[in-house]
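Visitor: Data: structure31.pdb, PDB, C-alpha atoms and all ligand atoms.
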```pdb
ATOM      1  CA  MET A 538      11.007  -3.920  23.078
ATOM      2  CA  ASN A 539      11.687  -4.134  19.362
ATOM      3  CA  ARG A 540       9.422  -6.911  18.138
ATOM      4  CA  PRO A 541       5.867  -5.595  17.961
ATOM      5  CA  GLN A 542       2.836  -7.825  17.725
ATOM      6  CA  VAL A 543       1.150  -7.385  14.360
ATOM      7  CA  GLN A 544      -2.452  -8.385  13.675
ATOM      8  CA  PRO A 545      -3.557  -8.310  10.008
ATOM      9  CA  PHE A 546      -7.096  -7.759   8.707
ATOM     10  CA  LEU A 547      -8.033  -8.209   5.055
ATOM     11  CA  HIS A 548     -10.508  -5.753   3.508
ATOM     12  CA  LYS A 549     -11.814  -8.136   0.874
ATOM     13  CA  GLN A 550     -13.487  -5.529  -1.343
ATOM     14  CA  SER A 551     -10.149  -3.821  -2.112
ATOM     15  CA  SER A 552      -7.660  -6.569  -1.123
ATOM     16  CA  THR A 553      -6.211  -4.107   1.392
ATOM     17  CA  TRP A 554      -4.348  -5.280   4.476
ATOM     18  CA  THR A 555      -4.995  -3.241   7.615
ATOM     19  CA  TYR A 556      -2.727  -3.823  10.589
ATOM     20  CA  VAL A 557      -2.935  -3.352  14.313
ATOM     21  CA  VAL A 558       0.642  -3.047  15.572
ATOM     22  CA  HIS A 559       0.962  -3.097  19.350
ATOM     23  CA  ASP A 560       2.996  -3.951  22.428
ATOM     24  CA  GLY A 561       0.133  -5.548  24.343
ATOM     25  CA  LYS A 562      -1.017  -2.227  25.803
ATOM     26  CA  THR A 563      -0.702   0.501  23.185
ATOM     27  CA  ALA A 564      -1.474   0.264  19.484
ATOM     28  CA  ALA A 565      -1.326   1.943  16.116
ATOM     29  CA  ILE A 566      -3.638   1.022  13.248
ATOM     30  CA  VAL A 567      -2.163   1.152   9.753
ATOM     31  CA  ASP A 568      -4.359   1.793   6.678
ATOM     32  CA  PRO A 569      -7.916   1.090   7.898
ATOM     33  CA  ALA A 570     -10.513   0.691   5.127
ATOM     34  CA  LEU A 571     -14.154   1.716   4.965
ATOM     35  CA  ASP A 572     -16.676  -0.406   3.073
ATOM     36  CA  PHE A 573     -18.160   1.455   0.104
ATOM     37  CA  ASP A 574     -20.751   0.571  -2.488
ATOM     38  CA  ALA A 575     -20.160   2.740  -5.548
ATOM     39  CA  HIS A 576     -23.631   2.065  -6.958
ATOM     40  CA  SER A 577     -25.601   3.319  -3.975
ATOM     41  CA  GLY A 578     -22.942   5.624  -2.485
ATOM     42  CA  ARG A 579     -23.377   3.819   0.824
ATOM     43  CA  THR A 580     -20.462   3.536   3.254
ATOM     44  CA  GLY A 581     -20.167   0.885   5.949
ATOM     45  CA  THR A 582     -17.978  -0.009   8.898
ATOM     46  CA  GLY A 583     -18.363  -3.790   8.809
ATOM     47  CA  SER A 584     -14.694  -4.451   8.028
ATOM     48  CA  ALA A 585     -13.317  -1.641  10.202
ATOM     49  CA  GLY A 586     -15.604  -2.919  12.968
ATOM     50  CA  GLU A 587     -13.573  -6.140  13.089
ATOM     51  CA  VAL A 588     -10.428  -4.082  13.636
ATOM     52  CA  ALA A 589     -12.236  -2.088  16.326
ATOM     53  CA  ALA A 590     -13.379  -5.286  18.058
ATOM     54  CA  PHE A 591      -9.777  -6.517  18.243
ATOM     55  CA  VAL A 592      -8.587  -3.253  19.806
ATOM     56  CA  ARG A 593     -11.526  -3.205  22.234
ATOM     57  CA  ASP A 594     -11.286  -6.883  23.249
ATOM     58  CA  ARG A 595      -7.617  -6.518  24.163
ATOM     59  CA  GLY A 596      -8.145  -3.207  25.914
ATOM     60  CA  LEU A 597      -5.513  -1.525  23.741
ATOM     61  CA  LYS A 598      -4.979   2.211  23.910
ATOM     62  CA  LEU A 599      -4.895   3.641  20.409
ATOM     63  CA  ASP A 600      -2.176   6.259  19.880
ATOM     64  CA  TRP A 601      -2.062   6.463  16.090
ATOM     65  CA  ILE A 602      -4.075   5.846  12.957
ATOM     66  CA  LEU A 603      -1.399   5.790  10.273
ATOM     67  CA  GLU A 604      -1.985   6.197   6.556
ATOM     68  CA  THR A 605       0.854   5.106   4.270
ATOM     69  CA  HIS A 606      -0.578   7.397   1.550
ATOM     70  CA  ALA A 607      -3.821   8.771   0.128
ATOM     71  CA  HIS A 608      -5.168   5.498  -1.257
ATOM     72  CA  ALA A 609      -6.842   5.358  -4.658
ATOM     73  CA  ASP A 610      -8.725   2.094  -4.255
ATOM     74  CA  HIS A 611     -10.540   2.349  -0.919
ATOM     75  CA  LEU A 612     -11.898   4.996   1.431
ATOM     76  CA  SER A 613     -10.133   5.393   4.768
ATOM     77  CA  ALA A 614     -11.943   4.336   7.944
ATOM     78  CA  ALA A 615      -9.675   6.533  10.087
ATOM     79  CA  PRO A 616     -12.443   8.875  11.355
ATOM     80  CA  PHE A 617     -14.590   5.897  12.467
ATOM     81  CA  LEU A 618     -11.707   4.446  14.506
ATOM     82  CA  LYS A 619     -10.778   7.826  15.932
ATOM     83  CA  ARG A 620     -14.376   8.268  17.124
ATOM     84  CA  GLU A 621     -14.213   4.864  18.807
ATOM     85  CA  PHE A 622     -10.778   5.084  20.425
ATOM     86  CA  GLY A 623      -9.178   8.505  19.938
ATOM     87  CA  GLY A 624      -5.633   8.622  18.579
ATOM     88  CA  GLN A 625      -4.057  10.877  15.991
ATOM     89  CA  ILE A 626      -4.680  10.433  12.264
ATOM     90  CA  ALA A 627      -1.312  10.860  10.552
ATOM     91  CA  ILE A 628       0.174  10.769   7.052
ATOM     92  CA  GLY A 629       3.368  11.964   5.361
ATOM     93  CA  ARG A 630       3.890  15.652   4.668
ATOM     94  CA  GLY A 631       3.726  14.934   0.919
ATOM     95  CA  ILE A 632      -0.068  14.812   1.248
ATOM     96  CA  GLY A 633      -0.082  18.564   0.507
ATOM     97  CA  LYS A 634       1.067  17.898  -3.061
ATOM     98  CA  VAL A 635      -1.602  15.221  -3.513
ATOM     99  CA  GLN A 636      -4.250  17.590  -2.146
ATOM    100  CA  ALA A 637      -3.161  20.343  -4.541
ATOM    101  CA  THR A 638      -3.244  17.958  -7.515
ATOM    102  CA  PHE A 639      -6.743  16.686  -6.771
ATOM    103  CA  LYS A 640      -8.102  20.069  -5.726
ATOM    104  CA  GLU A 641      -7.271  21.235  -9.222
ATOM    105  CA  LEU A 642      -8.387  18.051 -10.996
ATOM    106  CA  LEU A 643     -11.704  17.827  -9.132
ATOM    107  CA  ASN A 644     -12.282  21.573  -8.734
ATOM    108  CA  LEU A 645     -12.767  21.127  -4.974
ATOM    109  CA  GLU A 646     -14.258  23.970  -2.919
ATOM    110  CA  GLU A 647     -12.130  27.098  -2.831
ATOM    111  CA  ASP A 648     -11.389  26.869   0.875
ATOM    112  CA  PHE A 649     -10.179  23.255   0.662
ATOM    113  CA  ALA A 650      -6.757  23.522   2.314
ATOM    114  CA  THR A 651      -3.761  21.903   0.613
ATOM    115  CA  ASP A 652      -1.402  22.049   3.589
ATOM    116  CA  GLY A 653      -2.532  18.792   5.204
ATOM    117  CA  ARG A 654      -4.330  20.473   8.116
ATOM    118  CA  GLN A 655      -7.215  17.967   7.851
ATOM    119  CA  PHE A 656      -4.873  15.441   9.506
ATOM    120  CA  ASP A 657      -3.905  15.490  13.187
ATOM    121  CA  HIS A 658      -0.234  15.022  12.402
ATOM    122  CA  LEU A 659       1.973  15.253   9.314
ATOM    123  CA  PHE A 660       5.172  13.247   9.452
ATOM    124  CA  GLY A 661       8.378  14.726   8.111
ATOM    125  CA  ASP A 662      11.073  12.563   6.513
ATOM    126  CA  ASP A 663      12.712  10.224   9.028
ATOM    127  CA  GLU A 664      10.611  11.558  11.913
ATOM    128  CA  SER A 665      10.492   9.251  14.900
ATOM    129  CA  PHE A 666       7.426   8.386  16.973
ATOM    130  CA  ARG A 667       6.397   5.922  19.655
ATOM    131  CA  VAL A 668       3.687   3.319  19.999
ATOM    132  CA  GLY A 669       3.790   2.625  23.744
ATOM    133  CA  THR A 670       7.165   0.948  24.345
ATOM    134  CA  LEU A 671       7.799   0.540  20.600
ATOM    135  CA  GLU A 672      10.034   2.902  18.665
ATOM    136  CA  GLY A 673       8.855   3.986  15.247
ATOM    137  CA  CYS A 674      10.363   5.948  12.393
ATOM    138  CA  VAL A 675       8.983   7.296   9.128
ATOM    139  CA  ILE A 676      10.874   6.403   5.957
ATOM    140  CA  PRO A 677       9.873   8.528   2.964
ATOM    141  CA  THR A 678       9.083   6.151   0.072
ATOM    142  CA  PRO A 679       7.554   8.262  -2.723
ATOM    143  CA  GLY A 680       7.109   6.863  -6.230
ATOM    144  CA  HIS A 681       3.715   5.128  -6.209
ATOM    145  CA  THR A 682       2.388   8.517  -5.028
ATOM    146  CA  ASN A 683       4.364  11.492  -3.806
ATOM    147  CA  ASP A 684       2.983  11.262  -0.285
ATOM    148  CA  SER A 685       3.900   7.584   0.207
ATOM    149  CA  VAL A 686       5.727   6.732   3.421
ATOM    150  CA  THR A 687       6.824   3.534   5.144
ATOM    151  CA  TYR A 688       6.396   3.109   8.884
ATOM    152  CA  LEU A 689       9.209   1.264  10.624
ATOM    153  CA  VAL A 690       8.066   0.005  14.044
ATOM    154  CA  GLY A 691      10.631  -2.146  15.854
ATOM    155  CA  ASP A 692      11.662  -4.847  13.379
ATOM    156  CA  ALA A 693       8.549  -4.425  11.204
ATOM    157  CA  VAL A 694       7.992  -2.165   8.204
ATOM    158  CA  PHE A 695       4.607  -1.214   6.837
ATOM    159  CA  VAL A 696       5.472  -0.376   3.254
ATOM    160  CA  GLY A 697       2.114   0.717   1.885
ATOM    161  CA  ASP A 698       2.128   0.195  -1.874
ATOM    162  CA  SER A 699       5.889   0.611  -2.323
ATOM    163  CA  LEU A 700       6.263  -3.173  -2.473
ATOM    164  CA  PHE A 701       3.815  -6.036  -2.883
ATOM    165  CA  MET A 702       4.658  -9.612  -1.924
ATOM    166  CA  PRO A 703       7.705 -10.860  -3.909
ATOM    167  CA  ASP A 704       5.477 -12.660  -6.442
ATOM    168  CA  GLY A 705       3.294  -9.521  -6.806
ATOM    169  CA  GLY A 706       6.133  -7.090  -7.541
ATOM    170  CA  THR A 707       5.321  -3.401  -7.101
ATOM    171  CA  ALA A 708       2.381  -1.009  -7.390
ATOM    172  CA  ARG A 709       1.670   1.218 -10.362
ATOM    173  CA  CYS A 710       3.415   4.573 -10.718
ATOM    174  CA  ASP A 711       1.095   6.260 -13.220
ATOM    175  CA  PHE A 712      -1.183   8.168 -10.854
ATOM    176  CA  PRO A 713      -0.675  11.948 -10.718
ATOM    177  CA  GLY A 714       2.615  12.487  -8.897
ATOM    178  CA  GLY A 715       3.760   8.879  -9.394
ATOM    179  CA  ASP A 716       7.262   8.231 -10.753
ATOM    180  CA  ALA A 717       8.897   4.841 -11.363
ATOM    181  CA  HIS A 718      12.427   6.282 -11.045
ATOM    182  CA  VAL A 719      11.545   7.670  -7.637
ATOM    183  CA  LEU A 720       9.928   4.384  -6.570
ATOM    184  CA  TYR A 721      13.064   2.438  -7.509
ATOM    185  CA  ARG A 722      15.187   4.688  -5.282
ATOM    186  CA  SER A 723      12.672   4.408  -2.435
ATOM    187  CA  ILE A 724      12.805   0.622  -2.689
ATOM    188  CA  GLN A 725      16.613   0.701  -2.549
ATOM    189  CA  ARG A 726      16.296   2.566   0.729
ATOM    190  CA  LEU A 727      14.020  -0.205   2.066
ATOM    191  CA  TYR A 728      16.452  -2.851   0.800
ATOM    192  CA  ALA A 729      19.192  -1.266   2.927
ATOM    193  CA  LEU A 730      17.277  -2.281   6.083
ATOM    194  CA  PRO A 731      18.460  -5.412   7.952
ATOM    195  CA  PRO A 732      17.577  -8.475   5.801
ATOM    196  CA  GLU A 733      15.503 -10.057   8.586
ATOM    197  CA  THR A 734      13.214  -6.987   8.828
ATOM    198  CA  ARG A 735       9.584  -8.127   8.617
ATOM    199  CA  VAL A 736       7.737  -6.527   5.685
ATOM    200  CA  PHE A 737       3.954  -6.024   5.822
ATOM    201  CA  VAL A 738       2.296  -5.100   2.531
ATOM    202  CA  CYS A 739      -0.812  -2.966   2.059
ATOM    203  CA  HIS A 740      -2.273  -5.063  -0.755
ATOM    204  CA  ASP A 741      -2.175  -8.599  -1.971
ATOM    205  CA  TYR A 742      -4.242  -9.764  -4.911
ATOM    206  CA  GLY A 743      -3.327 -13.440  -4.637
ATOM    207  CA  PRO A 744      -1.420 -13.749  -7.921
ATOM    208  CA  GLY A 745      -2.074 -17.025  -9.734
ATOM    209  CA  GLY A 746      -5.041 -17.716  -7.489
ATOM    210  CA  ARG A 747      -2.989 -18.405  -4.352
ATOM    211  CA  GLU A 748      -4.339 -17.391  -0.907
ATOM    212  CA  HIS A 749      -3.900 -13.752   0.196
ATOM    213  CA  ARG A 750      -0.581 -13.202   1.939
ATOM    214  CA  PHE A 751       0.670 -10.213   3.898
ATOM    215  CA  GLU A 752       4.113 -10.796   5.404
ATOM    216  CA  THR A 753       7.582 -11.276   3.968
ATOM    217  CA  THR A 754      11.121 -10.052   4.717
ATOM    218  CA  ILE A 755      13.588  -7.647   3.156
ATOM    219  CA  ALA A 756      15.822 -10.642   2.339
ATOM    220  CA  ALA A 757      12.984 -12.394   0.468
ATOM    221  CA  GLN A 758      12.189  -9.224  -1.470
ATOM    222  CA  ARG A 759      15.816  -8.641  -2.432
ATOM    223  CA  GLN A 760      16.114 -12.220  -3.555
ATOM    224  CA  GLY A 761      12.865 -12.749  -5.364
ATOM    225  CA  ASN A 762      10.697  -9.678  -6.003
ATOM    226  CA  ILE A 763       9.569 -10.120  -9.592
ATOM    227  CA  HIS A 764      10.022  -6.394 -10.379
ATOM    228  CA  VAL A 765      12.919  -5.218  -8.184
ATOM    229  CA  ARG A 766      15.403  -7.682  -6.743
ATOM    230  CA  ASP A 767      19.155  -7.414  -6.305
ATOM    231  CA  GLY A 768      20.747  -6.946  -9.721
ATOM    232  CA  VAL A 769      17.783  -5.179 -11.391
ATOM    233  CA  SER A 770      18.869  -1.711 -12.542
ATOM    234  CA  GLU A 771      16.789   1.441 -12.289
ATOM    235  CA  GLU A 772      16.412   1.556 -16.079
ATOM    236  CA  GLU A 773      15.271  -2.062 -16.272
ATOM    237  CA  PHE A 774      12.694  -1.472 -13.547
ATOM    238  CA  VAL A 775      11.396   1.772 -15.069
ATOM    239  CA  GLN A 776      10.958   0.104 -18.457
ATOM    240  CA  LEU A 777       9.066  -2.819 -16.979
ATOM    241  CA  ARG A 778       6.911  -0.642 -14.716
ATOM    242  CA  THR A 779       6.062   1.835 -17.478
ATOM    243  CA  ARG A 780       5.135  -0.923 -19.924
ATOM    244  CA  ARG A 781       2.895  -2.561 -17.366
ATOM    245  CA  ASP A 782       1.252   0.691 -16.215
ATOM    246  CA  ALA A 783       0.198   1.404 -19.802
ATOM    247  CA  THR A 784      -2.008  -1.699 -19.667
ATOM    248  CA  LEU A 785      -3.782  -0.919 -16.362
ATOM    249  CA  ALA A 786      -7.311   0.473 -16.144
ATOM    250  CA  VAL A 787      -8.297   3.309 -13.805
ATOM    251  CA  PRO A 788      -9.178   1.762 -10.416
ATOM    252  CA  GLU A 789     -12.923   1.539  -9.890
ATOM    253  CA  LEU A 790     -12.867   3.651  -6.735
ATOM    254  CA  LEU A 791     -10.154   6.158  -7.737
ATOM    255  CA  TYR A 792     -12.321   9.290  -7.612
ATOM    256  CA  PRO A 793     -14.426   8.371  -4.575
ATOM    257  CA  SER A 794     -11.299   7.269  -2.703
ATOM    258  CA  VAL A 795      -9.088  10.275  -3.281
ATOM    259  CA  GLN A 796     -11.879  12.752  -2.605
ATOM    260  CA  VAL A 797     -12.381  11.249   0.831
ATOM    261  CA  ASN A 798      -8.777  10.359   1.617
ATOM    262  CA  VAL A 799      -7.341  13.831   0.957
ATOM    263  CA  ARG A 800      -9.818  14.954   3.657
ATOM    264  CA  ALA A 801      -8.333  12.486   6.172
ATOM    265  CA  GLY A 802     -11.297  10.173   5.556
ATOM    266  CA  GLN A 803     -14.080  12.745   5.930
ATOM    267  CA  LEU A 804     -16.826  12.981   3.319
ATOM    268  CA  PRO A 805     -17.059  16.304   1.436
ATOM    269  CA  PRO A 806     -19.028  19.154   3.055
ATOM    270  CA  ALA A 807     -22.826  18.911   2.828
ATOM    271  CA  GLU A 808     -24.525  20.826   0.013
ATOM    272  CA  SER A 809     -27.484  23.183   0.469
ATOM    273  CA  ASN A 810     -29.896  20.256   0.866
ATOM    274  CA  GLY A 811     -27.807  18.835   3.690
ATOM    275  CA  ARG A 812     -26.516  15.874   1.659
ATOM    276  CA  GLN A 813     -22.949  14.958   0.752
ATOM    277  CA  TYR A 814     -21.818  14.084  -2.776
ATOM    278  CA  LEU A 815     -18.756  12.743  -4.563
ATOM    279  CA  LYS A 816     -17.656  14.090  -7.925
ATOM    280  CA  LEU A 817     -16.731  12.265 -11.099
ATOM    281  CA  PRO A 818     -14.967  14.184 -13.878
ATOM    282  CA  VAL A 819     -16.437  13.270 -17.274
ATOM    283  CA  THR A 820     -14.868  13.716 -20.674
TER     284      THR A 820
HETATM  285 FE    FE B 901      -2.088   2.925  -3.244
END
```
Could you rewrite the structure in this file as C-alpha cells?
Ligand SMILES: [Fe+2]
Guide:
Amino acid sequence: MNRPQVQPFLHKQSSTWTYVVHDGKTAAIVDPALDFDAHSGRTGTGSAGEVAAFVRDRGLKLDWILETHAHADHLSAAPFLKREFGGQIAIGRGIGKVQATFKELLNLEEDFATDGRQFDHLFGDDESFRVGTLEGCVIPTPGHTNDSVTYLVGDAVFVGDSLFMPDGGTARCDFPGGDAHVLYRSIQRLYALPPETRVFVCHDYGPGGREHRFETTIAAQRQGNIHVRDGVSEEEFVQLRTRRDATLAVPELLYPSVQVNVRAGQLPPAESNGRQYLKLPVT
C-alpha cells in the first residue's frame, strides 16, 4: 500500500497542522501541538484531545509520534499522546545540535543531555521506517533549523517548515542553526521527488485572508512557490529570504517552545518547591 490516509488537524493558536497518517489500522502522528497560555503558564490538551479522539474512535494502533523539528512557535503534545496510546517519539538526529545551542543560550541544568536521549528514537539521514503496511523514509531537510527532517510515507511528504503552501513560500532561516543556503538545497531535494507527491505543510497562516490550507503537490510547488520555484537560483532565494527574515519579530512562544521541545515535550524538572518553570533571557 503506498497511498496512506491523512487526517489533518489545525492548532488554531499557532496555525500548526498536525496529521494522523494511517493505513486504517496503524498510525503515526506528525507534529502534535499542546495548548499554552503564555500569561498564566497553563498548558492544555484541548487541541491534542481532538487528535486523540480520532485515533481512539478508529481503533488505530499508534506506532510513531513524529516531530519534523524542535518547533519554536508551539509546545509539543507528544508526551500526552504517548501516555494515551504508546508509540515512539522520534525526531531527526540533528536535534543534538539544537539542544546544545539552547542549553548554552538558556543555561539549562548541567546534566541536560545534548545527545537526543530524551527522545525514543533519533532518525538518521534517509533512514526507513514503517507505519503498519506503509513504508516511510526520512529525508534530511535542514535550513529552517538544523534538525529539520521531512517524513516520506507512501506518496505523501510531511515537510515541516521546509515549505509552506505555494502562496506562503518558505519559513524563516534566522533561528540559531538556520541557513537559507542549506534550506534551498533541501528544497531541491524535495523537488526531485515525483511531481504528483502529496505535500503536507506544518503551518499555514492563510495569506491574504484566505482559508487555512494544508495540502499541495511537488508539481504545484515547483511551478508556483512564491520563494522557490523552478528557475529561482540559490542566490536569488537567499537574498529574498535574508531580506524578509530581517523584518520578522521573535515568535511569541520561542523560548517556552524550545525549552519544552528539546526535552521531547516534557516540562523542565521541578524546582525545590516542586513547581516547574520556563526561562526567559532578558537583555
Ligand atoms: Fe518551525
Visitor: When you look at Phe737 in chain A with a cut-off of 12 Å (counting all atoms listed in the file), what residues show up, excluding the ones that are within fewer than 4 positions of it in the same chain? I need them as a ChimeraX atom specification.
Guide: /A:543-546,553-558,567-568,605,687-690,692-703,741,750-755,758
Visitor: Which of these residues is nearest to Asp711 in chain A, using only C-alpha atoms: A:Glu773, A:Glu664, A:Asp782, A:Glu647?
Guide: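 Among the listed residues, the smallest separation from Asp711 in chain A belongs to A:Asp782.
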Visitor: Can you spell out as a ChimeraX atom specification the set of residues that the PyMOL selection byres (((chain A and resi 705) around 10) and not hetatm) selects in the structure I just provided?
Guide: /A:700-704,706-708,740-745,762-764
Visitor: Identify which of the residues A:Leu790, A:Leu727, A:Val675, A:Ala627 lies closest to ligand FE 901 (chain B), counting only C-alpha atoms and all ligand atoms when measuring atom-to-atom distances.
Guide: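 Selected residue with least distance to ligand FE 901 (chain B): A:Leu790.
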Visitor: Could you pull out the residues sitting within 8 Å of ligand FE 901 (chain B), using all atoms listed in the file, and write them as a PyMOL selection string?
Guide: chain A and resi 606-610+681-682+697-698+708
Visitor: With all atoms listed in the file as the counted atoms, please give the residues lying no more than 12 Å from Asp662 in chain A, apart from itself and same-chain residues fewer than 4 positions off, as a list in words.
Guide: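 Once the nearby chain positions are removed, what remains is Ile628, Gly629, Arg630, Gly631, Phe666, Cys674, Val675, Ile676, Pro677, Thr678, Pro679, Asp684, Ser685, Val686, Thr687 and Tyr688 of chain A.
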Visitor: Would you write out those residues with C-alpha atoms, as a short mmCIF file (atom, residue, chain, number, x, y, z; two decimals), in the coordinates of the input?
Guide:
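That gives us part_2.cif:
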```cif
data_model
loop_
_atom_site.label_atom_id
_atom_site.label_comp_id
_atom_site.auth_asym_id
_atom_site.auth_seq_id
_atom_site.Cartn_x
_atom_site.Cartn_y
_atom_site.Cartn_z
CA ILE A 628 0.17 10.77 7.05
CA GLY A 629 3.37 11.96 5.36
CA ARG A 630 3.89 15.65 4.67
CA GLY A 631 3.73 14.93 0.92
CA PHE A 666 7.43 8.39 16.97
CA CYS A 674 10.36 5.95 12.39
CA VAL A 675 8.98 7.30 9.13
CA ILE A 676 10.87 6.40 5.96
CA PRO A 677 9.87 8.53 2.96
CA THR A 678 9.08 6.15 0.07
CA PRO A 679 7.55 8.26 -2.72
CA ASP A 684 2.98 11.26 -0.28
CA SER A 685 3.90 7.58 0.21
CA VAL A 686 5.73 6.73 3.42
CA THR A 687 6.82 3.53 5.14
CA TYR A 688 6.40 3.11 8.88
#
```
Visitor: Given the file shown, enumerate the residues that the PyMOL selection byres (((chain A and resi 642) around 12) and not hetatm) captures and present them as a PDB file with C-alpha atoms, in the coordinates of the input.
Guide:
```pdb
ATOM      1  CA  VAL A 635      -1.602  15.221  -3.513  1.00  0.00           C
ATOM      2  CA  GLN A 636      -4.250  17.590  -2.146  1.00  0.00           C
ATOM      3  CA  ALA A 637      -3.161  20.343  -4.541  1.00  0.00           C
ATOM      4  CA  THR A 638      -3.244  17.958  -7.515  1.00  0.00           C
ATOM      5  CA  PHE A 639      -6.743  16.686  -6.771  1.00  0.00           C
ATOM      6  CA  LYS A 640      -8.102  20.069  -5.726  1.00  0.00           C
ATOM      7  CA  GLU A 641      -7.271  21.235  -9.222  1.00  0.00           C
ATOM      8  CA  LEU A 643     -11.704  17.827  -9.132  1.00  0.00           C
ATOM      9  CA  ASN A 644     -12.282  21.573  -8.734  1.00  0.00           C
ATOM     10  CA  LEU A 645     -12.767  21.127  -4.974  1.00  0.00           C
ATOM     11  CA  GLU A 646     -14.258  23.970  -2.919  1.00  0.00           C
ATOM     12  CA  PRO A 713      -0.675  11.948 -10.718  1.00  0.00           C
ATOM     13  CA  TYR A 792     -12.321   9.290  -7.612  1.00  0.00           C
ATOM     14  CA  VAL A 795      -9.088  10.275  -3.281  1.00  0.00           C
ATOM     15  CA  GLN A 796     -11.879  12.752  -2.605  1.00  0.00           C
ATOM     16  CA  LYS A 816     -17.656  14.090  -7.925  1.00  0.00           C
ATOM     17  CA  LEU A 817     -16.731  12.265 -11.099  1.00  0.00           C
ATOM     18  CA  PRO A 818     -14.967  14.184 -13.878  1.00  0.00           C
ATOM     19  CA  VAL A 819     -16.437  13.270 -17.274  1.00  0.00           C
TER      20      VAL A 819
END
```
Visitor: Using all atoms of range 798-810 of chain A that appear in the file, construct an axis-aligned enclosing box with 6 Å of padding on every side and provide its centre coordinates and edge lengths in Å, rounded to one decimal, as AutoDock Vina command-line options.
Guide:
```
--center_x -18.6 --center_y 16.7 --center_z 3.1 --size_x 34.6 --size_y 25.0 --size_z 18.2
```
Visitor: Since I can't run it myself right now, could you work out what the PyMOL selection byres (((chain A and resi 540) around 7) and not hetatm) selects here and report it as a PDB file with C-alpha atoms, keeping the file's coordinate frame?
Guide:
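Wrote it out as result.pdb, contents follow:
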```pdb
ATOM      1  CA  MET A 538      11.007  -3.920  23.078  1.00  0.00           C
ATOM      2  CA  ASN A 539      11.687  -4.134  19.362  1.00  0.00           C
ATOM      3  CA  PRO A 541       5.867  -5.595  17.961  1.00  0.00           C
ATOM      4  CA  GLN A 542       2.836  -7.825  17.725  1.00  0.00           C
ATOM      5  CA  GLY A 691      10.631  -2.146  15.854  1.00  0.00           C
ATOM      6  CA  ASP A 692      11.662  -4.847  13.379  1.00  0.00           C
TER       7      ASP A 692
END
```
Visitor: Nearest residue to Leu804 in chain A out of A:Leu603, A:Leu612, A:Val592, A:Ala729, using only C-alpha atoms?
Guide: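 Smallest separation from Leu804 in chain A among the options: A:Leu612.
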Visitor: Would you work out the distance separating CA of Gln776 in chain A from CA of Ala717 in chain A, expressed in Å to one decimal?
Guide: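 It comes out at 8.8 Å.
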Visitor: What does the distance between CA of Arg654 in chain A and CA of Gly715 in chain A come to in Å, to one decimal place?
Guide: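 Answer for the CA of Arg654 in chain A to CA of Gly715 in chain A separation: 22.5 Å.
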Visitor: Counting all atoms listed in the file, figure out which residue out of A:His559, A:Glu621, A:Phe591, A:Gly633 gets nearest to Ala801 in chain A.
Guide: A:Gly633
Visitor: Any idea what the distance is between CA of Gly811 in chain A and CA of Gly586 in chain A?
Guide: 26.6 Å
Visitor: Counting all atoms listed in the file, which residue out of A:Pro731, A:Gly746, A:Pro569, A:Gly623 sits closest to Lys598 in chain A?
Guide: A:Gly623
Visitor: Which residue, A:Val738, A:Ser770, A:Gly583, A:Arg759, has the smallest gap to Arg722 in chain A when you use all atoms listed in the file?
Guide: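 Smallest distance to Arg722 in chain A is found for A:Ser770.
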Visitor: I'd like the neighbourhood of Ala756 in chain A as a short mmCIF file (atom, residue, chain, number, x, y, z; two decimals) with C-alpha atoms, keeping the file's coordinate frame, where a residue qualifies if any of its atoms comes within 7 Å (using only C-alpha atoms), though same-chain residues fewer than 4 positions away should be ignored.
Guide:
```cif
data_model
loop_
_atom_site.label_atom_id
_atom_site.label_comp_id
_atom_site.auth_asym_id
_atom_site.auth_seq_id
_atom_site.Cartn_x
_atom_site.Cartn_y
_atom_site.Cartn_z
CA PRO A 732 17.58 -8.48 5.80
CA GLU A 733 15.50 -10.06 8.59
CA GLN A 760 16.11 -12.22 -3.56
#
```
